[in-house]
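Visitor: Just so it is clear, I am handing over protein_16.txt, which has compact mmCIF, C-alpha atoms.
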# COMPACT_ATOMS: atom_id res chain seq x y z
CA MET A 1 10.48 -22.74 -15.17
CA LYS A 2 8.81 -19.52 -14.14
CA HIS A 3 11.01 -16.47 -14.64
CA ARG A 4 11.47 -13.97 -11.82
CA ILE A 5 9.77 -10.75 -12.89
CA ILE A 6 9.38 -7.38 -11.19
CA THR A 7 6.19 -5.52 -12.05
CA ILE A 8 6.10 -1.83 -11.25
CA SER A 9 2.74 -0.12 -10.93
CA ARG A 10 2.94 3.57 -10.23
CA GLU A 11 1.06 6.76 -9.74
CA PHE A 12 1.71 9.27 -12.50
CA GLY A 13 4.71 11.46 -11.67
CA SER A 14 6.00 9.22 -8.86
CA GLY A 15 9.16 8.27 -10.78
CA GLY A 16 8.09 4.62 -11.09
CA ARG A 17 9.40 4.35 -14.65
CA THR A 18 12.79 5.79 -13.70
CA ILE A 19 12.96 3.41 -10.76
CA GLY A 20 12.07 0.42 -12.95
CA LYS A 21 14.71 1.29 -15.55
CA GLU A 22 17.44 1.71 -12.98
CA VAL A 23 16.52 -1.46 -11.06
CA ALA A 24 16.72 -3.39 -14.33
CA ARG A 25 20.07 -1.81 -15.20
CA GLN A 26 21.53 -2.73 -11.83
CA LEU A 27 20.18 -6.29 -12.02
CA GLU A 28 21.30 -6.59 -15.66
CA ILE A 29 17.87 -7.66 -16.90
CA PRO A 30 15.71 -5.93 -19.54
CA CYS A 31 13.12 -3.30 -18.60
CA TYR A 32 9.91 -3.26 -20.59
CA ASP A 33 8.11 0.00 -20.88
CA GLU A 34 8.13 1.61 -24.31
CA GLU A 35 9.53 -1.66 -25.68
CA ILE A 36 6.10 -3.21 -25.16
CA THR A 37 4.60 -0.44 -27.26
CA ASN A 38 7.02 -1.25 -30.09
CA ARG A 39 6.21 -4.95 -30.03
CA ILE A 40 2.48 -4.30 -30.01
CA ALA A 41 2.78 -1.81 -32.85
CA LYS A 42 4.54 -4.42 -34.98
CA LYS A 43 1.89 -7.05 -34.23
CA SER A 44 -1.18 -4.91 -34.52
CA GLY A 45 -0.41 -2.25 -37.09
CA LEU A 46 -1.73 0.32 -34.61
CA ALA A 47 0.22 3.57 -34.23
CA GLU A 48 2.70 3.66 -31.32
CA GLU A 49 1.24 6.93 -30.13
CA TYR A 50 -2.18 5.36 -29.81
CA ILE A 51 -0.87 2.27 -28.03
CA LYS A 52 1.01 4.40 -25.55
CA GLU A 53 -2.14 6.31 -24.75
CA SER A 54 -4.64 3.47 -24.81
CA GLY A 55 -2.69 0.55 -23.39
CA GLU A 56 -2.94 1.90 -19.89
CA TYR A 57 -5.58 4.58 -19.83
CA ALA A 58 -9.34 4.30 -20.11
CA ALA A 59 -10.62 6.01 -23.29
CA SER A 60 -10.83 9.74 -22.83
CA ALA A 61 -13.93 11.79 -23.44
CA SER A 62 -12.31 13.27 -26.58
CA LYS A 63 -13.80 12.49 -29.99
CA ILE A 64 -11.04 10.05 -30.93
CA GLY A 65 -11.12 8.49 -27.48
CA SER A 66 -14.84 7.87 -27.74
CA LEU A 67 -14.52 6.36 -31.22
CA LEU A 68 -11.83 3.92 -30.08
CA ALA A 69 -14.09 2.73 -27.29
CA VAL A 70 -17.05 2.17 -29.65
CA LYS A 71 -18.22 -1.43 -29.53
CA ASP A 72 -18.69 -3.47 -32.70
CA PHE A 73 -21.51 -5.94 -33.33
CA TYR A 74 -19.90 -8.41 -30.93
CA GLY A 75 -19.47 -5.81 -28.16
CA HIS A 76 -15.74 -5.45 -28.90
CA SER A 77 -13.90 -2.13 -29.22
CA ILE A 78 -10.43 -1.34 -30.63
CA GLN A 79 -9.34 -0.83 -27.04
CA ASP A 80 -10.50 -4.36 -26.16
CA GLU A 81 -8.54 -5.67 -29.12
CA LEU A 82 -5.46 -3.81 -27.93
CA TRP A 83 -5.90 -5.29 -24.44
CA GLY A 84 -5.85 -8.80 -25.94
CA ILE A 85 -2.65 -8.13 -27.90
CA GLN A 86 -1.01 -6.43 -24.92
CA ARG A 87 -1.90 -9.37 -22.69
CA ARG A 88 -0.41 -11.89 -25.13
CA THR A 89 2.70 -9.73 -25.57
CA ILE A 90 3.32 -9.54 -21.82
CA LEU A 91 2.83 -13.30 -21.42
CA GLU A 92 5.30 -13.83 -24.29
CA ILE A 93 7.91 -11.55 -22.68
CA ALA A 94 7.49 -13.36 -19.35
CA ARG A 95 8.23 -16.66 -21.04
CA GLU A 96 11.41 -15.25 -22.61
CA HIS A 97 13.46 -14.07 -19.62
CA PRO A 98 13.50 -12.41 -16.18
CA CYS A 99 12.78 -8.69 -16.49
CA VAL A 100 11.15 -5.55 -15.10
CA ILE A 101 7.78 -4.53 -16.55
CA VAL A 102 6.40 -1.06 -15.91
CA GLY A 103 2.62 -0.62 -15.77
CA ARG A 104 0.15 -2.14 -18.26
CA CYS A 105 -1.57 -4.39 -15.70
CA ALA A 106 1.40 -6.78 -15.86
CA ASP A 107 0.90 -7.60 -12.17
CA TYR A 108 -2.56 -8.94 -13.03
CA ILE A 109 -1.67 -10.55 -16.36
CA LEU A 110 1.25 -12.48 -14.90
CA LYS A 111 -0.48 -13.61 -11.71
CA GLU A 112 0.30 -17.32 -11.40
CA LYS A 113 2.34 -17.18 -14.63
CA ALA A 114 5.65 -15.93 -13.27
CA ASP A 115 7.59 -15.64 -10.03
CA LEU A 116 6.53 -12.06 -9.35
CA LEU A 117 7.73 -9.24 -7.16
CA LYS A 118 4.86 -6.76 -7.34
CA VAL A 119 5.84 -3.16 -6.58
CA PHE A 120 3.75 -0.01 -6.27
CA ILE A 121 5.33 3.45 -6.32
CA HIS A 122 3.39 6.46 -5.08
CA ALA A 123 3.99 9.96 -3.74
CA SER A 124 2.02 12.95 -2.52
CA ILE A 125 0.33 15.18 -5.07
CA GLU A 126 2.72 18.03 -4.22
CA LYS A 127 5.84 15.93 -4.81
CA ARG A 128 4.48 14.49 -8.05
CA ALA A 129 3.38 17.88 -9.37
CA GLU A 130 6.90 19.16 -8.72
CA ARG A 131 8.35 16.19 -10.56
CA ILE A 132 6.17 16.29 -13.67
CA VAL A 133 6.94 19.96 -14.19
CA LYS A 134 10.65 19.11 -13.93
CA VAL A 135 10.43 16.08 -16.26
CA TYR A 136 7.72 17.04 -18.78
CA GLY A 137 7.70 20.83 -18.45
CA GLU A 138 4.69 23.03 -17.91
CA ASN A 139 1.61 23.36 -20.08
CA ASP A 140 -1.81 25.03 -19.93
CA VAL A 141 -3.18 22.54 -17.43
CA ALA A 142 -2.02 22.76 -13.79
CA PRO A 143 0.29 19.83 -12.93
CA GLU A 144 -1.98 18.69 -10.07
CA LYS A 145 -4.89 18.45 -12.49
CA ARG A 146 -2.79 16.62 -15.10
CA LEU A 147 -1.71 13.93 -12.71
CA MET A 148 -5.12 13.45 -11.24
CA GLN A 149 -6.55 12.98 -14.73
CA LYS A 150 -3.86 10.44 -15.62
CA ASP A 151 -4.35 8.45 -12.41
CA LYS A 152 -8.11 8.49 -12.87
CA LYS A 153 -7.75 6.96 -16.33
CA ARG A 154 -5.19 4.39 -15.17
CA ARG A 155 -7.50 3.40 -12.33
CA ALA A 156 -10.46 3.06 -14.68
CA TYR A 157 -8.45 1.04 -17.22
CA TYR A 158 -7.17 -1.34 -14.56
CA GLN A 159 -10.63 -1.82 -13.12
CA LEU A 160 -12.15 -2.38 -16.56
CA TYR A 161 -9.80 -5.16 -17.61
CA THR A 162 -8.86 -6.81 -14.32
CA ASP A 163 -12.00 -6.31 -12.25
CA GLU A 164 -9.70 -5.40 -9.38
CA LYS A 165 -8.89 -2.12 -7.66
CA TRP A 166 -5.74 -0.32 -8.80
CA GLY A 167 -3.56 0.76 -5.88
CA ASN A 168 -5.10 -1.69 -3.41
CA ILE A 169 -2.40 -2.21 -0.78
CA ASP A 170 -2.96 -5.99 -0.51
CA ASN A 171 -2.13 -6.48 -4.17
CA TYR A 172 1.53 -5.43 -3.87
CA HIS A 173 4.43 -7.12 -2.15
CA ILE A 174 5.99 -3.73 -1.52
CA SER A 175 4.70 -0.17 -1.85
CA LEU A 176 7.00 2.80 -1.56
CA ASP A 177 6.48 6.54 -1.22
CA SER A 178 9.18 7.83 -3.54
CA GLY A 179 8.54 11.42 -2.46
CA ILE A 180 9.53 10.64 1.13
CA LEU A 181 12.07 7.85 0.64
CA GLY A 182 13.66 9.24 -2.53
CA ILE A 183 14.16 7.55 -5.89
CA GLU A 184 17.63 6.21 -4.99
CA LYS A 185 16.45 4.46 -1.84
CA CYS A 186 13.49 2.90 -3.69
CA ILE A 187 15.86 1.49 -6.32
CA LYS A 188 18.11 0.06 -3.64
CA ILE A 189 15.29 -1.63 -1.71
CA ILE A 190 13.70 -3.20 -4.79
CA SER A 191 17.03 -4.44 -6.15
CA SER A 192 17.84 -5.98 -2.77
CA LEU A 193 14.60 -7.97 -2.88
CA TYR A 194 15.24 -9.56 -6.24
CA MET B 1 13.12 19.07 17.96
CA LYS B 2 10.82 16.46 16.48
CA HIS B 3 11.80 12.90 17.35
CA ARG B 4 12.11 10.28 14.63
CA ILE B 5 9.32 7.76 15.17
CA ILE B 6 8.35 4.60 13.30
CA THR B 7 4.64 3.84 13.34
CA ILE B 8 3.63 0.32 12.40
CA SER B 9 0.09 -0.31 11.26
CA ARG B 10 -0.68 -3.91 10.49
CA GLU B 11 -3.28 -6.41 9.45
CA PHE B 12 -4.05 -8.90 12.21
CA GLY B 13 -1.74 -11.92 12.03
CA SER B 14 0.76 -10.27 9.67
CA GLY B 15 3.54 -10.24 12.28
CA GLY B 16 3.58 -6.44 12.46
CA ARG B 17 4.05 -6.44 16.22
CA THR B 18 6.98 -8.88 16.03
CA ILE B 19 8.53 -6.76 13.29
CA GLY B 20 8.09 -3.57 15.35
CA LYS B 21 9.67 -5.10 18.43
CA GLU B 22 12.67 -6.42 16.52
CA VAL B 23 13.22 -3.18 14.57
CA ALA B 24 13.23 -1.29 17.88
CA ARG B 25 15.65 -3.78 19.42
CA GLN B 26 18.06 -3.44 16.50
CA LEU B 27 17.83 0.34 16.52
CA GLU B 28 18.11 0.43 20.32
CA ILE B 29 14.98 2.53 20.80
CA PRO B 30 11.86 1.61 22.81
CA CYS B 31 8.89 -0.14 21.19
CA TYR B 32 5.44 0.86 22.42
CA ASP B 33 2.71 -1.71 22.14
CA GLU B 34 1.46 -3.12 25.45
CA GLU B 35 3.45 -0.40 27.21
CA ILE B 36 0.85 2.10 25.97
CA THR B 37 -1.86 -0.01 27.58
CA ASN B 38 -0.04 0.12 30.92
CA ARG B 39 0.36 3.88 30.83
CA ILE B 40 -3.28 4.40 29.92
CA ALA B 41 -4.42 2.02 32.66
CA LYS B 42 -2.49 4.03 35.22
CA LYS B 43 -3.97 7.32 34.00
CA SER B 44 -7.53 6.22 33.50
CA GLY B 45 -8.19 3.56 36.07
CA LEU B 46 -9.64 1.41 33.27
CA ALA B 47 -8.72 -2.28 33.21
CA GLU B 48 -5.79 -3.21 30.94
CA GLU B 49 -7.86 -5.92 29.32
CA TYR B 50 -10.47 -3.40 28.30
CA ILE B 51 -7.93 -0.91 27.00
CA LYS B 52 -6.24 -3.60 24.92
CA GLU B 53 -9.55 -4.51 23.36
CA SER B 54 -11.03 -1.04 22.92
CA GLY B 55 -8.01 1.11 22.12
CA GLU B 56 -7.83 -0.22 18.59
CA TYR B 57 -11.09 -1.98 17.84
CA ALA B 58 -14.55 -0.59 17.29
CA ALA B 59 -16.97 -1.70 20.02
CA SER B 60 -18.20 -5.21 19.40
CA ALA B 61 -21.83 -6.18 19.22
CA SER B 62 -21.50 -7.96 22.58
CA LYS B 63 -23.44 -6.64 25.58
CA ILE B 64 -20.34 -5.15 27.24
CA GLY B 65 -19.15 -3.76 23.90
CA SER B 66 -22.45 -2.01 23.35
CA LEU B 67 -22.50 -0.56 26.86
CA LEU B 68 -19.01 0.90 26.44
CA ALA B 69 -20.11 2.62 23.27
CA VAL B 70 -23.21 4.14 24.93
CA LYS B 71 -23.17 7.92 24.69
CA ASP B 72 -23.72 10.11 27.74
CA PHE B 73 -25.72 13.31 27.85
CA TYR B 74 -22.95 15.11 25.92
CA GLY B 75 -22.71 12.41 23.22
CA HIS B 76 -19.54 10.96 24.77
CA SER B 77 -18.91 7.24 25.34
CA ILE B 78 -16.27 5.48 27.47
CA GLN B 79 -14.59 4.56 24.20
CA ASP B 80 -14.40 8.25 23.22
CA GLU B 81 -12.87 8.99 26.61
CA LEU B 82 -10.30 6.25 26.06
CA TRP B 83 -9.47 7.68 22.62
CA GLY B 84 -8.68 11.05 24.22
CA ILE B 85 -6.39 9.50 26.85
CA GLN B 86 -4.71 7.31 24.25
CA ARG B 87 -4.12 10.29 21.99
CA ARG B 88 -2.54 12.33 24.78
CA THR B 89 -0.41 9.36 25.85
CA ILE B 90 0.95 8.86 22.34
CA LEU B 91 1.73 12.57 21.99
CA GLU B 92 3.52 12.43 25.34
CA ILE B 93 5.61 9.41 24.29
CA ALA B 94 6.53 11.14 21.03
CA ARG B 95 7.84 14.13 22.96
CA GLU B 96 9.99 11.88 25.16
CA HIS B 97 12.22 10.05 22.65
CA PRO B 98 12.54 8.33 19.27
CA CYS B 99 10.66 5.00 19.29
CA VAL B 100 8.54 2.47 17.43
CA ILE B 101 4.78 2.57 18.04
CA VAL B 102 2.61 -0.35 16.98
CA GLY B 103 -1.00 0.38 15.95
CA ARG B 104 -3.40 2.64 17.87
CA CYS B 105 -3.71 5.21 15.07
CA ALA B 106 -0.29 6.61 16.00
CA ASP B 107 0.33 7.42 12.31
CA TYR B 108 -2.66 9.76 12.42
CA ILE B 109 -2.13 11.14 15.92
CA LEU B 110 1.52 12.05 15.24
CA LYS B 111 0.98 13.54 11.80
CA GLU B 112 2.89 16.84 11.80
CA LYS B 113 3.99 16.19 15.41
CA ALA B 114 6.99 13.95 14.79
CA ASP B 115 9.45 12.99 12.08
CA LEU B 116 7.53 9.87 11.03
CA LEU B 117 8.30 6.74 9.06
CA LYS B 118 4.86 5.25 8.49
CA VAL B 119 4.86 1.51 7.84
CA PHE B 120 2.04 -0.88 6.95
CA ILE B 121 2.46 -4.65 7.24
CA HIS B 122 0.04 -6.98 5.48
CA ALA B 123 -0.14 -10.55 4.18
CA SER B 124 -2.59 -12.85 2.44
CA ILE B 125 -5.41 -14.37 4.46
CA GLU B 126 -3.87 -17.84 4.09
CA LYS B 127 -0.47 -16.77 5.44
CA ARG B 128 -2.03 -14.86 8.32
CA ALA B 129 -4.38 -17.71 9.24
CA GLU B 130 -1.37 -20.01 9.37
CA ARG B 131 0.46 -17.56 11.60
CA ILE B 132 -2.30 -16.88 14.12
CA VAL B 133 -2.82 -20.60 14.68
CA LYS B 134 0.92 -20.91 15.31
CA VAL B 135 1.10 -17.88 17.62
CA TYR B 136 -2.27 -17.88 19.40
CA GLY B 137 -3.36 -21.49 18.96
CA GLU B 138 -6.69 -22.72 17.65
CA ASN B 139 -10.12 -22.01 19.07
CA ASP B 140 -13.75 -22.56 18.06
CA VAL B 141 -13.70 -19.87 15.40
CA ALA B 142 -11.86 -20.57 12.13
CA PRO B 143 -8.64 -18.50 11.93
CA GLU B 144 -9.75 -16.85 8.66
CA LYS B 145 -12.92 -15.65 10.36
CA ARG B 146 -11.02 -14.44 13.45
CA LEU B 147 -8.66 -12.30 11.45
CA MET B 148 -11.35 -10.85 9.25
CA GLN B 149 -13.34 -9.85 12.36
CA LYS B 150 -10.27 -8.23 13.93
CA ASP B 151 -9.40 -6.30 10.77
CA LYS B 152 -12.99 -5.19 10.35
CA LYS B 153 -12.99 -3.72 13.86
CA ARG B 154 -9.58 -2.07 13.40
CA ARG B 155 -10.76 -0.52 10.15
CA ALA B 156 -13.96 0.76 11.78
CA TYR B 157 -12.06 2.15 14.78
CA TYR B 158 -9.55 3.96 12.57
CA GLN B 159 -12.29 5.41 10.39
CA LEU B 160 -14.32 6.52 13.42
CA TYR B 161 -11.55 8.50 15.08
CA THR B 162 -9.44 9.68 12.16
CA ASP B 163 -12.02 10.08 9.40
CA GLU B 164 -9.50 8.42 7.11
CA LYS B 165 -9.36 4.98 5.49
CA TRP B 166 -7.23 2.36 7.26
CA GLY B 167 -4.88 0.56 4.86
CA ASN B 168 -5.00 3.30 2.21
CA ILE B 169 -1.74 2.87 0.27
CA ASP B 170 -1.05 6.62 0.03
CA ASN B 171 -0.96 6.98 3.80
CA TYR B 172 2.16 4.86 4.32
CA HIS B 173 5.76 5.54 3.36
CA ILE B 174 6.32 1.82 2.97
CA SER B 175 3.98 -1.16 2.88
CA LEU B 176 5.29 -4.71 3.01
CA ASP B 177 3.76 -8.13 2.42
CA SER B 178 5.35 -10.09 5.27
CA GLY B 179 3.92 -13.36 3.93
CA ILE B 180 5.89 -13.03 0.69
CA LEU B 181 8.97 -11.11 1.84
CA GLY B 182 9.30 -12.81 5.23
CA ILE B 183 9.50 -11.22 8.68
CA GLU B 184 13.33 -11.03 8.66
CA LYS B 185 13.47 -9.11 5.38
CA CYS B 186 10.78 -6.68 6.56
CA ILE B 187 12.79 -5.95 9.72
CA LYS B 188 15.92 -5.36 7.66
CA ILE B 189 14.25 -2.97 5.21
CA ILE B 190 12.54 -0.90 7.90
CA SER B 191 15.70 -0.65 10.01
CA SER B 192 17.67 0.44 6.96
CA LEU B 193 15.24 3.32 6.39
CA TYR B 194 15.54 4.74 9.88
Let me see whether you can do it: turn the structure in this file into structure tokens.
Guide:
Amino acid sequence: MKHRIITISREFGSGGRTIGKEVARQLEIPCYDEEITNRIAKKSGLAEEYIKESGEYAASASKIGSLLAVKDFYGHSIQDELWGIQRRTILEIAREHPCVIVGRCADYILKEKADLLKVFIHASIEKRAERIVKVYGENDVAPEKRLMQKDKKRRAYYQLYTDEKWGNIDNYHISLDSGILGIEKCIKIISSLY
Amino acid sequence: MKHRIITISREFGSGGRTIGKEVARQLEIPCYDEEITNRIAKKSGLAEEYIKESGEYAASASKIGSLLAVKDFYGHSIQDELWGIQRRTILEIAREHPCVIVGRCADYILKEKADLLKVFIHASIEKRAERIVKVYGENDVAPEKRLMQKDKKRRAYYQLYTDEKWGNIDNYHISLDSGILGIEKCIKIISSLY
């Protein structure tokens, strides 16, 4: 039997993770976000910090980022290896029980493998900038720039491993502007669809 | 005071018009779809049939279609003229009362002019093909081809007059896959957001 699974894709700073966690709590099913990182770390021996950064984002132009994307003799990089482990981990979770999975191309990986409700959460740049300053605090880089960099890398990662366009409206069963509708309303709508 | 207005953009065959009409009925506000055509016909003297075809779709490659897109000495075509009348009509309606408006770039025209809830309704090609055969019957052209042609012209029309991309996820407060969620559920969600 295919388990019913909610996948939440989200623009950085849109509150998608918060929404996923709360939907899962209300539906009394697990939410996988950092928990995927833990599982992958155990399987792969890779550091959690690295998995968190590279399991959803295309390699950055930094020195470490470039090294991790270096291809071996067979055209395989550490990031490709991580993609394989992440894919298997998500398939494993989907076989275990109904749940919410945040990000990590789960919508693509579980296509045809589970009874999916595919959600996309987005918001205007202004609303998201406001939110990331509130949640993560300020740093040297302007919040607008930070979120555009993050989204750019998520988009590139998704495209690289799925060959599909991240944030393409036709790919989601429901897309919500959390900045306009509010986090609470998004949670309510998604829960009601489960 | 800005009136609260729901704009419904939709892929052809997704049931967006049916959803709009039913949301309006439940909320006891008017729904503008063919009613806009009537108003424009009265103002412009253009035939309703032509307005229906050209108020949302880029000019076709047919002989009549090409003629209507011909530019005059000032670089203006009949289609441009129609766009102007349609724009003014939609602004006029928005000043009159809260309502639902289906299609016709109302989301763009009313930006900043009304308190908008911008909705996009879509569905897979298979589901929409099934629906248009049920609603409009069969003809010589395969339903998949008919709906792709319609969407292509809607996309081109939107792009031409708004300079924005039709069906861009960030432009809508809520986007729903009517093929997966069902028409009834879409109506319920949209009404609950009003």
Visitor: Which residues are close to Glu22 (chain B), i.e. within 7 Å by all atoms listed in the file, leaving aside same-chain residues fewer than 4 positions away? Reply as a list in words.
Guide: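 That gives Thr18, Gln26 and Ile187 of chain B.
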Visitor: Which distance in Å separates CA of Gly182 (chain B) and CA of Gly13 (chain B), to one decimal?
Guide: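 Separating CA of Gly182 (chain B) from CA of Gly13 (chain B) is a distance of 13.0 Å.
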Visitor: Report the distance between CA of Asp170 (chain A) and CA of Gly167 (chain B) in Å, rounded to one decimal place.
Guide: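 Going from CA of Asp170 (chain A) over to CA of Gly167 (chain B), I get 8.7 Å.
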Visitor: Measuring atom to atom with all atoms listed in the file, identify which of B:Ile85, B:Cys99, B:Ala58, B:Ile132 is nearest to Glu28 (chain B).
Guide: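 The answer is B:Cys99, which sits nearest to Glu28 (chain B).
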Visitor: Taking only C-alpha atoms into account and nothing else, which residues of chain B lie no more than 6 Å away from chain A? Please answer as a PyMOL selection string.
Guide: chain B and resi 169+173-177
Visitor: If I take CA of Val23 (chain A) and CA of Cys105 (chain A), how far is one from the other in Å, to one decimal?
Guide: 18.9 Å
Visitor: Show which residues sit within 12 Å of Leu110 (chain B), as an mmCIF file with C-alpha atoms, in the coordinates of the input. Count only C-alpha atoms, and ignore same-chain residues fewer than 3 positions away.
Guide:
data_model
loop_
_atom_site.group_PDB
_atom_site.id
_atom_site.type_symbol
_atom_site.label_atom_id
_atom_site.label_comp_id
_atom_site.auth_asym_id
_atom_site.auth_seq_id
_atom_site.Cartn_x
_atom_site.Cartn_y
_atom_site.Cartn_z
ATOM 1 C CA LYS B 2 10.820 16.460 16.480
ATOM 2 C CA HIS B 3 11.800 12.900 17.350
ATOM 3 C CA ARG B 4 12.110 10.280 14.630
ATOM 4 C CA ILE B 5 9.320 7.760 15.170
ATOM 5 C CA ILE B 6 8.350 4.600 13.300
ATOM 6 C CA THR B 7 4.640 3.840 13.340
ATOM 7 C CA GLN B 86 -4.710 7.310 24.250
ATOM 8 C CA ARG B 87 -4.120 10.290 21.990
ATOM 9 C CA ARG B 88 -2.540 12.330 24.780
ATOM 10 C CA THR B 89 -0.410 9.360 25.850
ATOM 11 C CA ILE B 90 0.950 8.860 22.340
ATOM 12 C CA LEU B 91 1.730 12.570 21.990
ATOM 13 C CA GLU B 92 3.520 12.430 25.340
ATOM 14 C CA ILE B 93 5.610 9.410 24.290
ATOM 15 C CA ALA B 94 6.530 11.140 21.030
ATOM 16 C CA ARG B 95 7.840 14.130 22.960
ATOM 17 C CA ILE B 101 4.780 2.570 18.040
ATOM 18 C CA GLY B 103 -1.000 0.380 15.950
ATOM 19 C CA ARG B 104 -3.400 2.640 17.870
ATOM 20 C CA CYS B 105 -3.710 5.210 15.070
ATOM 21 C CA ALA B 106 -0.290 6.610 16.000
ATOM 22 C CA ASP B 107 0.330 7.420 12.310
ATOM 23 C CA LYS B 113 3.990 16.190 15.410
ATOM 24 C CA ALA B 114 6.990 13.950 14.790
ATOM 25 C CA ASP B 115 9.450 12.990 12.080
ATOM 26 C CA LEU B 116 7.530 9.870 11.030
ATOM 27 C CA LEU B 117 8.300 6.740 9.060
ATOM 28 C CA LYS B 118 4.860 5.250 8.490
ATOM 29 C CA THR B 162 -9.440 9.680 12.160
#
Visitor: Near Lys165 (chain B), counting only C-alpha atoms, which residues have an atom at most 10 Å away, once you skip same-chain residues fewer than 5 positions from it, shown as a ChimeraX atom specification?
Guide: /B:155-156,158-160,171
Visitor: Mind listing whatever residues come within 12 Å of the point (-4.7, -7.5, 27.9)? Use all atoms listed in the file, file coordinates, and give them as a PyMOL selection string.
Guide: chain B and resi 33-38+41+46-55
Visitor: Mind giving me the axis-aligned box for region 30-42 of chain B with 5 Å on every side, centre plus edges in Å to one decimal, as AutoDock Vina command-line options?
Guide:
--center_x 3.7 --center_y 0.6 --center_z 28.2 --size_x 26.3 --size_y 17.5 --size_z 24.0
